[in-house]
Amino acid sequence: MHLDPRTIGAAIRTRRTAAALTQAELAERLNMTAQSVSHWERGETLPDITILPDLACILGCSIDMLLLGQSGLYRRRISVESLRQAIGCIRQLRELLGAEHFIYRTMTDALDQRMNSSISDAFSSENAMDAYVCEALLGCIEQGDYVDADDVRRHIRNEKARDFTLNRMKALGLK
C-alpha cells in the first residue's frame with residue numbers, strides 16, 4: 001500500500017474545513033504549529049504517527065480514512081433503529097443459546113471491554129438501552145460513520161443520554 005502525502009493532505013484539509021476549524025485551531029488542539037498543518041495539507045510532510053489518533057478524533061474520522069484519503073466524509077450511515085436491531089440480535093443470541101454459551105459470552109465480553117457499560121445491563125430497561133445505544137452511536141462516529149442528530153433527537157427517549165450524545169456530536173463538529 002502506497003501512502004500519498006498529497007492525498008492525505010487533501011483528506012486533512014477536507015475534514016478540517018468540514019469541522020469548521022482553521023489551520024491554527026487544529027494546530028492548537030494538537031499542540032502543533034499552524035505551519036505544520038499547512039505542510040501536511042500541501043502534501044509536503046506527513047503528520048507524525050503518534051498524533052494520528054488525536055487528529056482522527058478531532059476531525060471525526062478513522063485513521064484509515066485519513067491515510068487512504070477516502071472521498072466521502074463517512075464510511076456509512078448508522079441509524080438509531082439499525083443499531084437497536086443489531087443489539088436486538090445479540091439479545092436473541094442469548095435467548096437462543098443461553099447467557100453462558102461461549103458464542104454469546106465471547107461477543108458480550110468483547111463489547112463490554114470496548115464500552116463503558118455492560119450490554120447485559122442494557123437489556124434491563126428502556127433507559128439503559130437508550131444509554132447503551134447512545135454510547136454505541138458515539139463509537140460508530142469515532143470509527144468514521146455518519147449519525148444524524150435529528151435521528152438521535154427523535155428516537156432516544158432517555159433525555160440524559162440523548163443530550164450527552166448530541167453535545168458530544170456537536171463538539172465533534174457534527175450537525
# chains A, B, ... in the order shown; residues from 1 in each chain; ligands from 1
call {"tool": "residues_around", "arguments": {"residues": "stretch 147-163 of chain A", "least_positions_apart": "5", "cutoff": "8 Å", "atoms": "only C-alpha atoms", "output": "compact mmCIF listing (two decimals) with N, CA and C atoms, in the first residue's frame"}}
result
# COMPACT_ATOMS: atom_id res chain seq x y z
N ARG A 77 -23.86 5.32 6.92
CA ARG A 77 -24.84 5.97 7.79
C ARG A 77 -25.37 4.93 8.77
N ILE A 78 -25.38 5.29 10.04
CA ILE A 78 -25.90 4.42 11.09
C ILE A 78 -27.11 5.11 11.71
N SER A 79 -28.22 4.41 11.76
CA SER A 79 -29.42 4.97 12.39
C SER A 79 -29.60 4.36 13.77
N VAL A 80 -30.35 5.07 14.60
CA VAL A 80 -30.67 4.56 15.93
C VAL A 80 -31.38 3.21 15.79
N GLU A 81 -32.32 3.13 14.86
CA GLU A 81 -33.09 1.90 14.69
C GLU A 81 -32.22 0.73 14.23
N ASN A 127 -34.41 2.80 29.46
CA ASN A 127 -33.42 3.86 29.70
C ASN A 127 -32.00 3.33 29.56
N ASP A 130 -31.31 2.87 25.86
CA ASP A 130 -31.03 4.16 25.23
C ASP A 130 -29.60 4.61 25.51
N ALA A 131 -29.17 4.48 26.75
CA ALA A 131 -27.81 4.89 27.12
C ALA A 131 -26.78 4.04 26.36
N CYS A 134 -26.73 5.05 22.70
CA CYS A 134 -26.02 6.33 22.54
C CYS A 134 -24.50 6.12 22.61
N LEU A 137 -23.48 4.61 19.38
CA LEU A 137 -23.51 5.60 18.30
C LEU A 137 -22.24 6.45 18.32
N CYS A 140 -19.50 4.50 16.89
CA CYS A 140 -19.62 4.45 15.43
C CYS A 140 -19.06 5.73 14.80
N ILE A 141 -19.39 6.87 15.40
CA ILE A 141 -18.89 8.15 14.89
C ILE A 141 -17.37 8.17 14.93
N MET A 169 -21.65 15.05 19.85
CA MET A 169 -21.67 15.18 18.40
C MET A 169 -21.37 16.61 17.97
N LEU A 174 -20.25 17.75 14.30
CA LEU A 174 -21.34 17.14 13.54
C LEU A 174 -22.62 17.93 13.79
N LYS A 175 -23.40 18.05 12.76
CA LYS A 175 -24.63 18.83 12.87
C LYS A 175 -25.83 17.94 13.02
call {"tool": "residues_around", "arguments": {"residues": "A:Val37", "least_positions_apart": "5", "cutoff": "8 Å", "atoms": "only C-alpha atoms", "output": "list in words"}}
result
Gln23, Ala24, Leu26, Ala27 and Met32 of chain A
call {"tool": "select_by_dssp", "arguments": {"residues": "stretch 62-153 of chain A", "states": "alpha helix (DSSP H)", "output": "MDAnalysis selection string"}}
result
chainID A and resid 63:68 80:97 102:114 119:122 126:142 149:153
call {"tool": "write_last_selection", "arguments": {"atoms": "C-alpha atoms", "output": "tab-separated table (two decimals), in the first residue's frame"}}
result
chain	number	residue	atom	x	y	z
A	63	ILE	CA	-7.08	6.94	10.86
A	64	ASP	CA	-7.67	4.74	7.82
A	65	MET	CA	-9.88	7.39	6.28
A	66	LEU	CA	-7.13	9.98	6.69
A	67	LEU	CA	-4.37	7.78	5.35
A	68	LEU	CA	-6.32	6.35	2.46
A	80	VAL	CA	-30.67	4.56	15.93
A	81	GLU	CA	-33.09	1.90	14.69
A	82	SER	CA	-30.42	-0.14	12.86
A	83	LEU	CA	-28.26	-0.11	15.98
A	84	ARG	CA	-31.23	-1.19	18.14
A	85	GLN	CA	-31.86	-4.06	15.70
A	86	ALA	CA	-28.20	-5.13	15.85
A	87	ILE	CA	-28.28	-5.10	19.64
A	88	GLY	CA	-31.58	-7.00	19.47
A	89	CYS	CA	-29.79	-9.74	17.53
A	90	ILE	CA	-27.37	-10.08	20.41
A	91	ARG	CA	-30.31	-10.39	22.80
A	92	GLN	CA	-31.78	-13.05	20.53
A	93	LEU	CA	-28.48	-14.98	20.65
A	94	ARG	CA	-28.79	-15.03	24.44
A	95	GLU	CA	-32.36	-16.30	24.18
A	96	LEU	CA	-31.44	-18.98	21.61
A	97	LEU	CA	-28.15	-20.20	23.08
A	102	PHE	CA	-19.37	-19.38	24.55
A	103	ILE	CA	-20.55	-17.53	21.41
A	104	TYR	CA	-22.75	-15.19	23.42
A	105	ARG	CA	-20.11	-14.75	26.16
A	106	THR	CA	-17.34	-14.05	23.62
A	107	MET	CA	-19.42	-11.42	21.88
A	108	THR	CA	-20.64	-9.71	25.03
A	109	ASP	CA	-17.23	-9.82	26.69
A	110	ALA	CA	-15.69	-8.11	23.66
A	111	LEU	CA	-18.40	-5.44	23.64
A	112	ASP	CA	-18.17	-4.88	27.38
A	113	GLN	CA	-14.42	-4.42	27.06
A	114	ARG	CA	-14.84	-1.63	24.47
A	119	ILE	CA	-24.67	-4.96	27.18
A	120	SER	CA	-26.44	-7.28	29.64
A	121	ASP	CA	-27.39	-4.20	31.69
A	122	ALA	CA	-28.74	-2.60	28.51
A	126	GLU	CA	-35.52	1.11	28.09
A	127	ASN	CA	-33.42	3.86	29.70
A	128	ALA	CA	-30.42	1.53	29.97
A	129	MET	CA	-30.91	0.50	26.32
A	130	ASP	CA	-31.03	4.16	25.23
A	131	ALA	CA	-27.81	4.89	27.12
A	132	TYR	CA	-26.13	1.86	25.55
A	133	VAL	CA	-27.33	2.78	22.04
A	134	CYS	CA	-26.02	6.33	22.54
A	135	GLU	CA	-22.62	5.05	23.64
A	136	ALA	CA	-22.54	2.73	20.63
A	137	LEU	CA	-23.51	5.60	18.30
A	138	LEU	CA	-20.58	7.65	19.60
A	139	GLY	CA	-18.30	4.67	18.99
A	140	CYS	CA	-19.62	4.45	15.43
A	141	ILE	CA	-18.89	8.15	14.89
A	142	GLU	CA	-15.35	7.67	16.16
A	149	ALA	CA	-28.52	14.28	15.11
A	150	ASP	CA	-32.23	14.54	14.22
A	151	ASP	CA	-32.46	10.74	14.29
A	152	VAL	CA	-30.97	10.79	17.82
A	153	ARG	CA	-33.44	13.52	18.89
call {"tool": "atom_distance", "arguments": {"atom1": "atom CA of A:Phe164", "atom2": "atom CA of A:Cys61"}}
result
19.6 Å
